[in-house]
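Peer 1: My structure is below; once you've seen it, I'll send some questions.
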Amino acid sequence: MIIRQEKPEDYNEVYKLIKEAFESAEHSDGNEQELVVELRKSNSFIPELSLVAIEDNKIVGHILFTKGHVNAVEVLALAPLSVLPAYQNRGIGLALMREGHDIAGKLGYEYSVVLGHPKYYPKAGYIPASMYGIKAPFEVEDECFMALKLKENKTTLNGIMEYDKAFGI
């Protein structure tokens, strides 16, 4: 498997991949592919943190991290993470997260925040965001709103996560 930065010529294939990946998802509004289109146009988009996984000469996975804020601290929002159904449960999502976390740390980001399945994201080191003083801007179970510290630091984040307006939050 190869993981690399997404290129503009990948956009159509990634759009279809995201749509297919979320078609049968338990918690989905069916609009994740449109969210990615809007986020790419935003000031929150970080090209280096839009990654694809390639296997069998096709894109089988995609991950996107965009800029968010907690108080004055710039953090990352991981959303969405998509893997084609036929390629799920093979470690592709975890590999995309590891690569994204590595790049994000090198770019100087301290935290990544995700709203997701409480049994999946902890495999990549995510814990309830409340442990870092990060609160969701919406009602959600504590175990589903998670964060990962990308760098050892003493920054205390006591505030509400602010997402890009494309999220509609």
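Quick note on naming: the chains in the structure tokens go A, B, ... in the order shown, residues restart at 1 in each chain, and ligands are numbered from 1 in order of appearance.
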Which residues of range 30-118 of chain A come within 12 Å of range 5-14 of chain A, and for each one, what is the closest pair of atoms and their distance in Å to one decimal, counting only C-alpha atoms, sorted by chain and residue number, as a Markdown table?

Peer 2:
| residue | atom | partner | partner_atom | distance |
| --- | --- | --- | --- | --- |
| A:Glu32 | CA | A:Val14 | CA | 11.1 |
| A:Gln33 | CA | A:Val14 | CA | 8.1 |
| A:Glu34 | CA | A:Val14 | CA | 11.0 |
| A:Val36 | CA | A:Val14 | CA | 9.3 |
| A:Val37 | CA | A:Tyr11 | CA | 8.4 |
| A:Arg40 | CA | A:Tyr11 | CA | 9.9 |
| A:Lys41 | CA | A:Pro8 | CA | 11.9 |
| A:Ile46 | CA | A:Gln5 | CA | 10.4 |
| A:Pro47 | CA | A:Gln5 | CA | 7.2 |
| A:Glu48 | CA | A:Gln5 | CA | 5.9 |
| A:Leu49 | CA | A:Gln5 | CA | 7.1 |
| A:Ser50 | CA | A:Glu6 | CA | 5.6 |
| A:Leu51 | CA | A:Gln5 | CA | 4.5 |
| A:Val52 | CA | A:Glu6 | CA | 5.6 |
| A:Ala53 | CA | A:Gln5 | CA | 9.0 |
| A:Ile54 | CA | A:Glu6 | CA | 10.5 |
| A:Lys58 | CA | A:Glu13 | CA | 8.8 |
| A:Ile59 | CA | A:Glu13 | CA | 7.2 |
| A:Val60 | CA | A:Val14 | CA | 8.6 |
| A:Gly61 | CA | A:Val14 | CA | 8.0 |
| A:His62 | CA | A:Val14 | CA | 7.0 |
| A:Ile63 | CA | A:Glu6 | CA | 9.3 |
| A:Leu64 | CA | A:Glu6 | CA | 9.5 |
| A:Phe65 | CA | A:Gln5 | CA | 11.8 |
| A:Pro80 | CA | A:Val14 | CA | 11.4 |
| A:Leu81 | CA | A:Val14 | CA | 11.2 |
| A:Ser82 | CA | A:Val14 | CA | 9.0 |
| A:Val83 | CA | A:Val14 | CA | 10.0 |
| A:Leu84 | CA | A:Val14 | CA | 10.1 |
| A:Leu96 | CA | A:Gln5 | CA | 10.6 |
| A:Glu99 | CA | A:Gln5 | CA | 10.2 |
| A:Gly100 | CA | A:Gln5 | CA | 9.7 |
| A:Ile103 | CA | A:Gln5 | CA | 10.5 |

Peer 1: Hey, can you spit out that residue selection with C-alpha atoms as an mmCIF file, in the first residue's frame?

Peer 2:
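Final output, saved to again-v8.cif:
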data_model
loop_
_atom_site.group_PDB
_atom_site.id
_atom_site.type_symbol
_atom_site.label_atom_id
_atom_site.label_comp_id
_atom_site.auth_asym_id
_atom_site.auth_seq_id
_atom_site.Cartn_x
_atom_site.Cartn_y
_atom_site.Cartn_z
ATOM 1 C CA GLU A 32 -19.427 13.554 3.578
ATOM 2 C CA GLN A 33 -18.200 13.784 -0.024
ATOM 3 C CA GLU A 34 -19.772 17.247 -0.380
ATOM 4 C CA VAL A 36 -14.743 17.422 1.466
ATOM 5 C CA VAL A 37 -15.474 19.453 -1.700
ATOM 6 C CA ARG A 40 -10.939 21.954 -0.099
ATOM 7 C CA LYS A 41 -12.163 25.481 -1.004
ATOM 8 C CA ILE A 46 -4.162 21.872 4.411
ATOM 9 C CA PRO A 47 -3.099 20.086 1.193
ATOM 10 C CA GLU A 48 -0.364 18.124 3.002
ATOM 11 C CA LEU A 49 -3.034 16.617 5.281
ATOM 12 C CA SER A 50 -5.373 15.343 2.569
ATOM 13 C CA LEU A 51 -4.010 11.859 2.012
ATOM 14 C CA VAL A 52 -4.942 8.860 -0.105
ATOM 15 C CA ALA A 53 -4.119 5.172 0.252
ATOM 16 C CA ILE A 54 -3.450 3.289 -2.975
ATOM 17 C CA LYS A 58 -6.559 2.441 -7.224
ATOM 18 C CA ILE A 59 -7.409 4.796 -4.396
ATOM 19 C CA VAL A 60 -8.943 2.710 -1.616
ATOM 20 C CA GLY A 61 -8.773 5.165 1.290
ATOM 21 C CA HIS A 62 -8.768 8.895 2.072
ATOM 22 C CA ILE A 63 -8.275 11.024 5.159
ATOM 23 C CA LEU A 64 -8.649 14.756 5.643
ATOM 24 C CA PHE A 65 -7.469 16.937 8.502
ATOM 25 C CA PRO A 80 -13.732 12.350 7.195
ATOM 26 C CA LEU A 81 -11.783 9.087 7.145
ATOM 27 C CA SER A 82 -12.985 6.835 4.323
ATOM 28 C CA VAL A 83 -12.029 3.364 3.145
ATOM 29 C CA LEU A 84 -13.805 1.438 0.385
ATOM 30 C CA LEU A 96 -3.775 6.830 7.032
ATOM 31 C CA GLU A 99 0.808 9.056 8.384
ATOM 32 C CA GLY A 100 -1.444 12.077 8.919
ATOM 33 C CA ILE A 103 2.888 14.946 9.013
#

Peer 1: Using the chain letters and numbers from this document, which residues of range 20-66 of chain A does DSSP assign to alpha helix (DSSP H), as JSON, numbers by chain?

Peer 2: {"A": [20, 21, 22, 32, 33, 34, 35, 36, 37, 38, 39, 40, 41]}

Peer 1: Keeping only N, CA, C and O atoms, take the residues you just selected and write them out as an mmCIF file, in the first residue's frame.

Peer 2:
data_model
loop_
_atom_site.group_PDB
_atom_site.id
_atom_site.type_symbol
_atom_site.label_atom_id
_atom_site.label_comp_id
_atom_site.auth_asym_id
_atom_site.auth_seq_id
_atom_site.Cartn_x
_atom_site.Cartn_y
_atom_site.Cartn_z
ATOM 1 N N GLU A 20 -19.201 5.976 -1.452
ATOM 2 C CA GLU A 20 -19.370 4.531 -1.280
ATOM 3 C C GLU A 20 -19.051 4.100 0.148
ATOM 4 O O GLU A 20 -19.753 3.274 0.736
ATOM 5 N N ALA A 21 -18.001 4.672 0.724
ATOM 6 C CA ALA A 21 -17.594 4.295 2.083
ATOM 7 C C ALA A 21 -18.666 4.629 3.110
ATOM 8 O O ALA A 21 -18.829 3.911 4.096
ATOM 9 N N PHE A 22 -19.401 5.710 2.909
ATOM 10 C CA PHE A 22 -20.387 6.140 3.896
ATOM 11 C C PHE A 22 -21.822 5.694 3.575
ATOM 12 O O PHE A 22 -22.720 5.930 4.365
ATOM 13 N N GLU A 32 -20.856 13.422 3.266
ATOM 14 C CA GLU A 32 -19.427 13.554 3.578
ATOM 15 C C GLU A 32 -18.605 13.952 2.365
ATOM 16 O O GLU A 32 -17.666 14.749 2.481
ATOM 17 N N GLN A 33 -18.958 13.441 1.181
ATOM 18 C CA GLN A 33 -18.200 13.784 -0.024
ATOM 19 C C GLN A 33 -18.364 15.258 -0.374
ATOM 20 O O GLN A 33 -17.412 15.906 -0.829
ATOM 21 N N GLU A 34 -19.547 15.815 -0.126
ATOM 22 C CA GLU A 34 -19.772 17.247 -0.380
ATOM 23 C C GLU A 34 -19.008 18.103 0.635
ATOM 24 O O GLU A 34 -18.512 19.180 0.299
ATOM 25 N N LEU A 35 -18.931 17.618 1.873
ATOM 26 C CA LEU A 35 -18.160 18.316 2.902
ATOM 27 C C LEU A 35 -16.702 18.455 2.461
ATOM 28 O O LEU A 35 -16.116 19.533 2.572
ATOM 29 N N VAL A 36 -16.136 17.382 1.919
ATOM 30 C CA VAL A 36 -14.743 17.422 1.466
ATOM 31 C C VAL A 36 -14.580 18.437 0.330
ATOM 32 O O VAL A 36 -13.616 19.204 0.316
ATOM 33 N N VAL A 37 -15.525 18.478 -0.596
ATOM 34 C CA VAL A 37 -15.474 19.453 -1.700
ATOM 35 C C VAL A 37 -15.424 20.871 -1.126
ATOM 36 O O VAL A 37 -14.610 21.695 -1.556
ATOM 37 N N GLU A 38 -16.288 21.150 -0.154
ATOM 38 C CA GLU A 38 -16.329 22.488 0.452
ATOM 39 C C GLU A 38 -15.082 22.781 1.264
ATOM 40 O O GLU A 38 -14.552 23.899 1.224
ATOM 41 N N LEU A 39 -14.590 21.805 2.009
ATOM 42 C CA LEU A 39 -13.395 22.026 2.824
ATOM 43 C C LEU A 39 -12.167 22.318 1.957
ATOM 44 O O LEU A 39 -11.318 23.122 2.343
ATOM 45 N N ARG A 40 -12.075 21.683 0.798
ATOM 46 C CA ARG A 40 -10.939 21.954 -0.099
ATOM 47 C C ARG A 40 -10.911 23.412 -0.539
ATOM 48 O O ARG A 40 -9.860 23.945 -0.855
ATOM 49 N N LYS A 41 -12.064 24.075 -0.577
ATOM 50 C CA LYS A 41 -12.163 25.481 -1.004
ATOM 51 C C LYS A 41 -11.923 26.443 0.159
ATOM 52 O O LYS A 41 -11.828 27.649 -0.051
#

Peer 1: Write out as a ChimeraX atom specification each polymer residue whose atoms come within 7 Å of range 148-161 of chain A, counting only C-alpha atoms; drop sequence neighbours fewer than 3 positions from it.

Peer 2: /A:68-71,101,105,109-113,125-127,132-137

Peer 1: May I have all residues of range 58-123 of chain A that DSSP, computed from the backbone, assigns to strand (DSSP E or B), given as number ranges by chain?

Peer 2: A: 58-70, 73-83, 111-115

Peer 1: Would you mind listing what lies within 12 Å of Glu139 in chain A as a PyMOL selection string, with only C-alpha atoms counted and same-chain residues fewer than 5 positions away left out?

Peer 2: chain A and resi 115+144-145+160+169

Peer 1: Given only C-alpha atoms as the basis, pick out the residue of A:Ile18, A:Ala166, A:Ile3, A:Met146 nearest to Thr66 in chain A.

Peer 2: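 Result for the nearest residue to Thr66 in chain A: A:Ala166.
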
Peer 1: Please indicate the distance in Å from CA of Gly116 in chain A to CA of Tyr163 in chain A, rounded to one decimal place.

Peer 2: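 Interatomic distance, CA of Gly116 in chain A to CA of Tyr163 in chain A: 15.1 Å.
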
Peer 1: Just checking: using only C-alpha atoms, which residue out of A:Ala147, A:Leu107, A:Met131, A:Ala124 ends up closest to Ala95 in chain A?

Peer 2: A:Ala124

Peer 1: To one decimal in Å, tell me the separation between CA of Lys119 in chain A and CA of Met1 in chain A.

Peer 2: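 Pair CA of Lys119 in chain A / CA of Met1 in chain A returns 24.3 Å.
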
Peer 1: One number please: CA of Pro128 in chain A to CA of Leu17 in chain A, in Å, one decimal.

Peer 2: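 Separation between CA of Pro128 in chain A and CA of Leu17 in chain A: 28.4 Å.
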